[in-house]
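Comments concern the structure below.
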Protein chains: 4
Amino acid sequence: MAEKKKPWGGRFTDAASRAAERLSASIQYDSRLYRQDIRGSRAHARMLHRMGILDAGELEAIVDGLGTIEREIREGDFEFSPYLEDIHMNIESRLTEMIGDAGRKLHTARSRNDQIALDVRLYLLDESGVIRKGMTALVETITAAADRHIEVVMPGYTHLQIAQPVRFSHHLLAYAWMFLRDLTRLDAAADAARGLPLGCGALAGVNYENDREFLREELGFDRVIPNSMDAVADRDYILDFLYFAAVLGTHLSRMGEELVLWSSAEFGYLRLADAVTTGSSIMPQKRNPDIAELLRGKTGRLYGNMVSLMTVLKGLPMAYNRDLQEDKEPLFDSIDTVKDCLEALTEMIATMTVRDDRMRRSLYDNFSTATDLADYLVMKGIPFRSSHEIVGALVKHCEESGEDFFTLPVETLKRFSPAFGDDAAGVLRPDTSPERKLSSGSTSKGEVKKQIAAVRERLRSSGTGG
Amino acid sequence: MAEKKKPWGGRFTDAASRAAERLSASIQYDSRLYRQDIRGSRAHARMLHRMGILDAGELEAIVDGLGTIEREIREGDFEFSPYLEDIHMNIESRLTEMIGDAGRKLHTARSRNDQIALDVRLYLLDESGVIRKGMTALVETITAAADRHIEVVMPGYTHLQIAQPVRFSHHLLAYAWMFLRDLTRLDAAADAARGLPLGCGALAGVNYENDREFLREELGFDRVIPNSMDAVADRDYILDFLYFAAVLGTHLSRMGEELVLWSSAEFGYLRLADAVTTGSSIMPQKRNPDIAELLRGKTGRLYGNMVSLMTVLKGLPMAYNRDLQEDKEPLFDSIDTVKDCLEALTEMIATMTVRDDRMRRSLYDNFSTATDLADYLVMKGIPFRSSHEIVGALVKHCEESGEDFFTLPVETLKRFSPAFGDDAAGVLRPDTSPERKLSSGSTSKGEVKKQIAAVRERLRSSGTGG
Amino acid sequence: MAEKKKPWGGRFTDAASRAAERLSASIQYDSRLYRQDIRGSRAHARMLHRMGILDAGELEAIVDGLGTIEREIREGDFEFSPYLEDIHMNIESRLTEMIGDAGRKLHTARSRNDQIALDVRLYLLDESGVIRKGMTALVETITAAADRHIEVVMPGYTHLQIAQPVRFSHHLLAYAWMFLRDLTRLDAAADAARGLPLGCGALAGVNYENDREFLREELGFDRVIPNSMDAVADRDYILDFLYFAAVLGTHLSRMGEELVLWSSAEFGYLRLADAVTTGSSIMPQKRNPDIAELLRGKTGRLYGNMVSLMTVLKGLPMAYNRDLQEDKEPLFDSIDTVKDCLEALTEMIATMTVRDDRMRRSLYDNFSTATDLADYLVMKGIPFRSSHEIVGALVKHCEESGEDFFTLPVETLKRFSPAFGDDAAGVLRPDTSPERKLSSGSTSKGEVKKQIAAVRERLRSSGTGG
Amino acid sequence: MAEKKKPWGGRFTDAASRAAERLSASIQYDSRLYRQDIRGSRAHARMLHRMGILDAGELEAIVDGLGTIEREIREGDFEFSPYLEDIHMNIESRLTEMIGDAGRKLHTARSRNDQIALDVRLYLLDESGVIRKGMTALVETITAAADRHIEVVMPGYTHLQIAQPVRFSHHLLAYAWMFLRDLTRLDAAADAARGLPLGCGALAGVNYENDREFLREELGFDRVIPNSMDAVADRDYILDFLYFAAVLGTHLSRMGEELVLWSSAEFGYLRLADAVTTGSSIMPQKRNPDIAELLRGKTGRLYGNMVSLMTVLKGLPMAYNRDLQEDKEPLFDSIDTVKDCLEALTEMIATMTVRDDRMRRSLYDNFSTATDLADYLVMKGIPFRSSHEIVGALVKHCEESGEDFFTLPVETLKRFSPAFGDDAAGVLRPDTSPERKLSSGSTSKGEVKKQIAAVRERLRSSGTGG
């Protein structure tokens, strides 16, 4: 490691201790910000030129030098030095090495405090765009599957007990709506990131006329942050992203859980593709839904990352504190995790085989049309609470006598209530139950088709966002 | 406790165990939803009447009965029974006791699953309105204080080291911007809550023609939730609120920390009013900033409540599961905490005494204008990194010789760099430092005034929200 | 509310604000510490008498007065005043009202800072004893069920895929070992609480000769805390308890999940007793495992409570800070939750009906003896990785041809490897598979019986703890 | 990447998707377990030899091969393949490449499920030993500093208000006791890790006679885990470590906060060494306590890591699930963080300069001996609550009149209470206040010396642990 001079080293005499170096250095993870750092420096240089602080030659040297460095890093030809602590200093030091004094002028009217805030905001915005595409693809894939399987009826569950028949599509679409809400949260995080911190200096503003409107325009931000202390101390936009990722994690874990359940021998509703399952090193017959399990398990880190940054921020006085360095690893980890999970889940949905035979078999378990029967009695004029009791007694009768609920003869029904008529038998059939659901948003075919159209419309209309 | 019959008790033979009862019962905390439950039932009854399920007499009996019950509860004349588990059953049981069979009809075409989702959404919307007012009052109070104290200059800190002089107003306004962002998050949570779940039944929709648009209109929602399973399983809107509260907690803890610091003998920047400080039972001289400490400490529960619900939701399959009962206590606790904290902080800000003499004294500590001096040299043509080194050497000189930095004679300055001119002495003065900050968003008086106007404009323009 | 004078009110002029009162007051929850507070005061009074600070008459008056107050509170005749903030002041104020100046002397040589630490430690120790009994009962109940069902063989799962046959007892006992580990953590928390804080004053010790050894003995502590600042600032023992409760919650959630799974129609391995299941207000056939779900869901608050206090403690300077008031509600909530969960789970286990017919049926799914077959080949001299591949091919053959794995004729086996002999057929039988497990700690009957004996021995030997 | 065959690949046809590969692969972080994996394989091979499963030649080939691989990895000559997923498969694949069929036999009677549990337990035990040394060094360093500075008196704080004079040593030693408690938690985590999982196979035990006692002895464990399902599903020992690290983080954050406060210009109690402070890239005068801030900030990840794994474990059914893969990164991160923090803090304490002049100056602020004066009156026979009021009035008098509290003439005192005598003046002096603290565990010099001896005794007596 070349012992380059620290940018603040003047007054200091002892070398930093090794543990202190390790705790301080961020270059091992913030090097991934190099594109954003260079983009920001380029805009800053142009602004300094407009203000007369850099002359045309200096600007050209800086812009060229930054271009060279960007290429060096991209191609793996750049040697990062932990001694130079972070991405800013690594780049600036190399720039000065290449172009001399002009490089030393680049840090005029800016501080690492506003620079790092800029880099992370730009990075978060870049990655949000990628994630937005991943989420859109996932929702499209779910909707396509819902469309494809619209005829499939399965047991709907509450308390993991078979409750009422629902369309498989209806169940899938519940997730489409969750992910659309996640998209709203992602957009909110991106909106929060669209304030320009550059030009705020260390905390109080800078002693130079600058042009933050020009920087905003150049770097594609929505607005200029109006308070310089807030600009360097604020990490809300990262929290907003980590929160988006945590709630997405909640949804991924719920879907992961269901994919695991449905892949079990006992449910048997799905067969996941080979590409997203694995075998066992010891049990030759195993076909493990590892990726579905990992979708569920990765929630841990998405929650943990959020708690991590919230803890860091608790009780910090204004303005910048070194604790804030701890914002980046949770952010990067959540970004990487979310991207992989979205891609893997999309593939899993696209390639799964639905076992509608197994779903149909389960429908004839556990009295799945009991509610339909109770509602039938209500239609015949019996108050709901009473009809609930009648059907409850009927269920108990079947449990004890072993009689099949789904084919109970009308005579038996009449023994429990004279209100049962000959049309009651039809109400016992699970496969037609969804069509008896008349309310908007229900699991009937017409309503599910409306949902599919509505989800697609939402994707279309929000397509320009992110 | 009156042994009233459980609404689902028909088939069951054993009495519930005591511990099971304690775990199950929610009436001790969900009784606070009575207004919302009754409002929802009233709308539901009207809808059932429109659909021909209730006749006019039944509707009237229900509406009157609900009115009586609402009054009984408000006036403390209602006896809640844990045996009836929750607010829905307590009210319905009393209603049936009062009006007979019509009461038994009210639960037609609805389930406790959509009913509880409705109640909590209504409650969250009601309370969000109250909290919104509290936040607005807080931001107004901060802005008024910033206006009042615009002439006060204090040390600005990074790393809790004196960094550069800033206006006290500028520092305060950093919090105004944080709380405005919190308002955005509160509004997002309220928006998330504005979907109508009623009419979705247990999970699949209901076997009745219903009119969810009528219900939406009647209850003031923005939209009807389009998927019945999602409607009963979704708790995102509660997470959104808990997240808003957690980030608000972050900001409260940062401000609490600073109020504690500033109230210390060592800083001495503030004297908090008696009404928000306490004494010690043992040390007669103490004047403890307890409320500021509690603002900081309450963050614990705001974070904890969020983790609590995120944990509950992790890995839950569709649709409703009893685990979801655990959503209410964290929500209620965060609502109560936030309301009290906002009110107490507003009062603290409104009544604090600013000790500008102490702030001024501190300005002359720790070389607070060293950056100004470095920037001065840049203006004289020296690259920033070089001027930084020159001033660093000057600081070291003062530390070692004991010479006063703020009154260094020009001759001394010139020994470190010939670029120093006679105008350098003025640059050393801390009280005029803020005016040397020329960038937008800086701590200069003009920029701070712009901020005050901008905050007020934001409050005005968002005033109709919530 | 009687406007009694605050104990520190002398110098203060304004009344506290309402929100500040609400934030400050703890009497609504710390009143549950009254027994411990009185026990501590009684011991403190005796010590003051030994030191000559109280005379015999004063001691008697105090002890009698405290006795009266304890009875008043127990019988509901005591009026708590929020104005007096906490349990200490409520009791002291009543005492002084009753016995005059002697009551005013009781606070000599102590502070609320060491007093509250004492009360909470005593309370935690009292409740730990109760919880220890609950855990012991749970482990005994699990072990008894394991003993009772030792002949029952069920599918063992990894990745929720059927992996290998295991005894139901073996599966149950896995939880016994978890709960025994929890007992170790509970004991560690109790050990941590067994240091006496009393006699440390506000933070620095007290200006009186005192006798902390006497107090320790009198109050049943193991040791005297050796640093007065640590004594009033330490909350590790509460964290230790909250951690115990959180890990117990992890285990409860795992068992809750399995009880929910096993109660589903698809698994059907268990029927939970009526007393720990509930019905549905809308679906007459439902039999919901609510209590098992709540065991799983309550984990949320057990985790949240822990995060809550960890957050409070982060970054607090020495010694006592008001933030520490926030330690009590999480502790009380976790204590109450744990007690109810243990009792409910014990009852659930004791009363569940095991459906061994359903378990047996599932054993013949999913090639549960494939590993046995691979191991058979190893015994015949084939390297493990190769035998794994042979059986993998066999499984694939059955999947594609539809042939039944468990009754494959030897001829078919031989087609895949000549090493298969006539004894291979026996290896395919799932019910005898556990007995082929020869390693210690395995699922064979002999090993499971050893486990049962070992668990019981552990309970016996640790019986005097807690 | 060489496309080596997956160990379970037999039956599978599609290649895994890229995102699925990324989610699945753990080799990028579990390669750090190579020493433990090889140590475990070596012991396993010896055991297989004893059982007659491997002959002497096979054993020798395996042991030699593993030795070669260990050297290859240590020297960076080993090419890890993500395709082979984890450390076990990378090593086994290389071994088989080197020695053929004997390598394929090594996995007999074991599974990746018990193998990974073994590796992590061994690793955790190795690292716990290192951390134990780091903690011991830290406590020794604190104690040495306490010894060195025993004459230094500083203000003791509650609520960050000056409360009573304390010895600086006393304050430091409060942290020694915290870290000693952390040592207890570390030892508990290590104890929890000392159960041998090897020999449990995938979940049910193995179809081979094995000798787990031999393995236990060979690998240095305390006991054999008695339930094979628990052995592969248990992660409590990792939670225990993460909890230890989280509470240590709490303490580090408290000390970090105080080091930051004390390094501020306003307190000025400490000057941290250059090696553990940094400068500013923009403000030449800055001397930032970055490492102290990072000690505080790193708490975030220590908390987050714990929440992360607790979340993963919530609601997981037995036995092994792929979610458990998510246990390693939090563990490794907490281990690395703790080691660096301990080393950096030790260095910071060892090299700090104590500014006793600044501490002394602060003692004469804020009436730090008011409690002493109240206690003086109690000695003269006035009840404590009354004397508290008298001194409160005296304080108010000084605040209003501006009179100096510490040099109040006796005549003034007598105006507030006739009980004041000529000896009262001595009681007002802060520097002798610690000696007036007569209780055990107080801040008097004799008591602090006892503490120093007690801490050293504790270190000595626990020295063989870990």
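Just remember, in the structure tokens the first chain shown is A, the second B, etc., residues are 1-based per chain, and ligands are 1-based in the order shown.
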
Tell me the residues of chain C close to chain D, meaning within 6 Å using only C-alpha atoms, as a compact mmCIF listing (two decimals) with N, CA, C and O atoms, in the first residue's frame.
# COMPACT_ATOMS: atom_id res chain seq x y z
N GLY C 10 -39.34 21.99 45.57
CA GLY C 10 -38.96 23.24 46.21
C GLY C 10 -38.69 24.42 45.28
O GLY C 10 -39.37 25.44 45.33
N ARG C 11 -37.71 24.25 44.42
CA ARG C 11 -37.22 25.35 43.63
C ARG C 11 -38.07 25.67 42.41
O ARG C 11 -37.82 26.64 41.71
N ARG C 104 -40.50 10.80 56.67
CA ARG C 104 -39.60 11.69 55.95
C ARG C 104 -38.14 11.27 56.11
O ARG C 104 -37.28 11.69 55.34
N LYS C 105 -37.88 10.46 57.12
CA LYS C 105 -36.51 10.00 57.34
C LYS C 105 -36.15 8.76 56.52
O LYS C 105 -34.98 8.41 56.37
N THR C 108 -33.52 8.67 53.77
CA THR C 108 -32.12 8.91 54.13
C THR C 108 -31.24 7.80 53.54
O THR C 108 -31.61 6.62 53.58
N THR C 158 -36.89 -32.11 6.25
CA THR C 158 -35.97 -30.99 6.09
C THR C 158 -36.48 -30.23 4.88
O THR C 158 -37.03 -30.83 3.96
N HIS C 159 -36.37 -28.90 4.91
CA HIS C 159 -36.94 -28.09 3.83
C HIS C 159 -38.44 -28.33 3.67
O HIS C 159 -38.99 -28.11 2.59
N ALA C 174 -36.98 -32.77 20.58
CA ALA C 174 -36.15 -31.66 20.10
C ALA C 174 -36.57 -30.37 20.80
O ALA C 174 -35.74 -29.53 21.19
N ALA C 204 -23.07 8.09 43.54
CA ALA C 204 -21.70 8.13 44.04
C ALA C 204 -21.49 7.39 45.34
O ALA C 204 -20.38 7.33 45.87
N GLY C 205 -22.57 6.78 45.85
CA GLY C 205 -22.54 6.25 47.21
C GLY C 205 -23.23 7.27 48.12
O GLY C 205 -23.69 8.31 47.64
N VAL C 206 -23.31 6.95 49.40
CA VAL C 206 -24.01 7.86 50.32
C VAL C 206 -23.10 8.31 51.45
O VAL C 206 -22.12 7.64 51.77
N ASN C 207 -23.47 9.46 52.02
CA ASN C 207 -22.66 10.08 53.07
C ASN C 207 -22.95 9.48 54.44
O ASN C 207 -22.94 10.20 55.44
N TYR C 208 -23.29 8.22 54.48
CA TYR C 208 -23.62 7.58 55.74
C TYR C 208 -22.91 6.25 55.78
O TYR C 208 -22.77 5.58 54.75
N GLU C 209 -22.49 5.88 56.97
CA GLU C 209 -22.12 4.49 57.15
C GLU C 209 -23.38 3.69 56.87
O GLU C 209 -24.44 3.96 57.42
N ASN C 210 -23.27 2.71 56.01
CA ASN C 210 -24.43 1.83 55.89
C ASN C 210 -23.95 0.39 55.94
O ASN C 210 -22.75 0.14 56.12
N PRO C 226 -20.44 -3.70 43.27
CA PRO C 226 -19.24 -3.03 43.79
C PRO C 226 -19.01 -1.62 43.25
O PRO C 226 -18.05 -0.99 43.67
N ASN C 227 -19.84 -1.12 42.33
CA ASN C 227 -19.61 0.22 41.79
C ASN C 227 -20.94 0.95 41.77
O ASN C 227 -21.88 0.54 41.09
N SER C 228 -20.99 2.04 42.51
CA SER C 228 -22.28 2.72 42.70
C SER C 228 -22.84 3.31 41.40
O SER C 228 -24.06 3.35 41.20
N ASP C 230 -22.35 2.10 38.31
CA ASP C 230 -22.85 0.95 37.58
C ASP C 230 -24.18 0.47 38.17
O ASP C 230 -25.09 0.09 37.43
N THR C 250 -38.65 -17.55 19.94
CA THR C 250 -38.22 -18.25 18.72
C THR C 250 -38.70 -19.70 18.77
O THR C 250 -39.27 -20.21 17.80
N SER C 253 -42.40 -20.03 18.56
CA SER C 253 -42.90 -19.78 17.20
C SER C 253 -42.65 -20.98 16.30
O SER C 253 -43.45 -21.26 15.41
N ARG C 254 -41.56 -21.68 16.53
CA ARG C 254 -41.28 -22.86 15.71
C ARG C 254 -42.30 -23.96 16.05
O ARG C 254 -42.85 -24.61 15.17
N GLU C 257 -45.72 -22.94 14.77
CA GLU C 257 -45.80 -23.20 13.33
C GLU C 257 -46.09 -24.67 13.06
O GLU C 257 -46.93 -25.01 12.22
N GLU C 258 -45.41 -25.54 13.74
CA GLU C 258 -45.62 -26.97 13.48
C GLU C 258 -47.00 -27.43 13.95
O GLU C 258 -47.65 -28.25 13.28
N LYS C 314 -28.74 2.42 23.89
CA LYS C 314 -27.68 2.80 22.95
C LYS C 314 -27.24 4.24 23.17
O LYS C 314 -28.05 5.17 23.11
N GLY C 315 -25.96 4.40 23.43
CA GLY C 315 -25.38 5.74 23.46
C GLY C 315 -25.69 6.56 24.70
O GLY C 315 -25.43 7.76 24.69
N LEU C 316 -26.25 5.94 25.74
CA LEU C 316 -26.53 6.72 26.96
C LEU C 316 -25.27 6.92 27.78
O LEU C 316 -24.60 5.96 28.13
N PRO C 317 -24.97 8.17 28.15
CA PRO C 317 -23.83 8.39 29.05
C PRO C 317 -24.18 7.95 30.47
O PRO C 317 -25.33 7.69 30.80
N ALA C 319 -24.69 8.59 34.56
CA ALA C 319 -25.04 7.31 35.12
C ALA C 319 -26.53 7.14 34.85
O ALA C 319 -26.90 6.70 33.78
N TYR C 320 -27.40 7.51 35.77
CA TYR C 320 -28.82 7.38 35.51
C TYR C 320 -29.27 8.45 34.52
O TYR C 320 -28.87 9.61 34.60
N ASN C 321 -30.11 8.06 33.58
CA ASN C 321 -30.80 9.01 32.70
C ASN C 321 -32.27 8.64 32.69
O ASN C 321 -32.62 7.47 32.83
N PRO C 383 -18.94 -46.67 -2.67
CA PRO C 383 -18.70 -45.37 -2.03
C PRO C 383 -20.00 -44.57 -1.94
O PRO C 383 -20.85 -44.66 -2.81
N PHE C 384 -20.10 -43.75 -0.88
CA PHE C 384 -21.36 -43.08 -0.63
C PHE C 384 -21.83 -42.23 -1.80
O PHE C 384 -23.00 -42.26 -2.18
N ARG C 385 -20.92 -41.45 -2.37
CA ARG C 385 -21.36 -40.57 -3.45
C ARG C 385 -21.92 -41.36 -4.63
O ARG C 385 -22.84 -40.93 -5.30
N GLU C 389 -25.95 -41.63 -6.11
CA GLU C 389 -26.35 -41.46 -7.51
C GLU C 389 -27.24 -42.61 -8.00
O GLU C 389 -28.20 -42.39 -8.74
N GLY C 392 -30.62 -42.11 -6.55
CA GLY C 392 -31.22 -40.97 -7.26
C GLY C 392 -31.84 -41.42 -8.58
O GLY C 392 -32.96 -41.01 -8.93
N ARG C 436 -33.01 -48.61 12.14
CA ARG C 436 -31.74 -48.74 11.40
C ARG C 436 -30.77 -47.61 11.73
O ARG C 436 -29.63 -47.61 11.28
N LYS C 437 -31.26 -46.63 12.46
CA LYS C 437 -30.38 -45.53 12.86
C LYS C 437 -29.59 -45.97 14.08
O LYS C 437 -30.16 -46.15 15.16
N LEU C 438 -28.30 -46.15 13.90
CA LEU C 438 -27.49 -46.79 14.94
C LEU C 438 -26.69 -45.82 15.79
O LEU C 438 -26.07 -46.20 16.78
N SER C 439 -26.70 -44.58 15.41
CA SER C 439 -25.82 -43.61 16.09
C SER C 439 -26.46 -43.12 17.38
O SER C 439 -27.67 -43.14 17.54
N GLY C 441 -27.97 -40.54 19.89
CA GLY C 441 -28.78 -39.35 19.64
C GLY C 441 -29.73 -39.53 18.48
O GLY C 441 -30.39 -38.57 18.07
N SER C 442 -29.81 -40.75 17.94
CA SER C 442 -30.66 -40.96 16.77
C SER C 442 -32.10 -41.21 17.18
O SER C 442 -32.45 -41.20 18.36
N THR C 443 -32.92 -41.50 16.20
CA THR C 443 -34.36 -41.64 16.40
C THR C 443 -34.78 -43.08 16.70
O THR C 443 -35.97 -43.37 16.76

All alpha helix (DSSP H) residues (DSSP, backbone) inside region 119-342 of chain D, as number ranges by chain = D: 119-148, 168-193, 212-219, 228-233, 236-263, 290-313, 328-342

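From CA of Arg110 (chain A) back to CA of Ala424 (chain B), the distance works out to 21.5 Å.
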
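DSSP secondary structure from the backbone places Val153, Met154, Pro155, Gly156, Tyr157, Thr158, Gln161, Ile162, Ala163, Gln164, Pro165, Val166, Arg167, Gly195 and Leu196 of chain D of region 59-213 of chain D in strand (DSSP E).
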
Surrounding residues of Ile116 (chain D) excluding itself and chain neighbours under 6 positions, 10 Å, only C-alpha atoms, as a PyMOL selection string | chain D and resi 30+33+36-37+40+86-88+122+197-198+232+325

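Closest approach to Val130 (chain C) among C:Ala145, C:Leu186, C:Ala25, C:Ala43 is made by C:Leu186 (distances from only C-alpha atoms).
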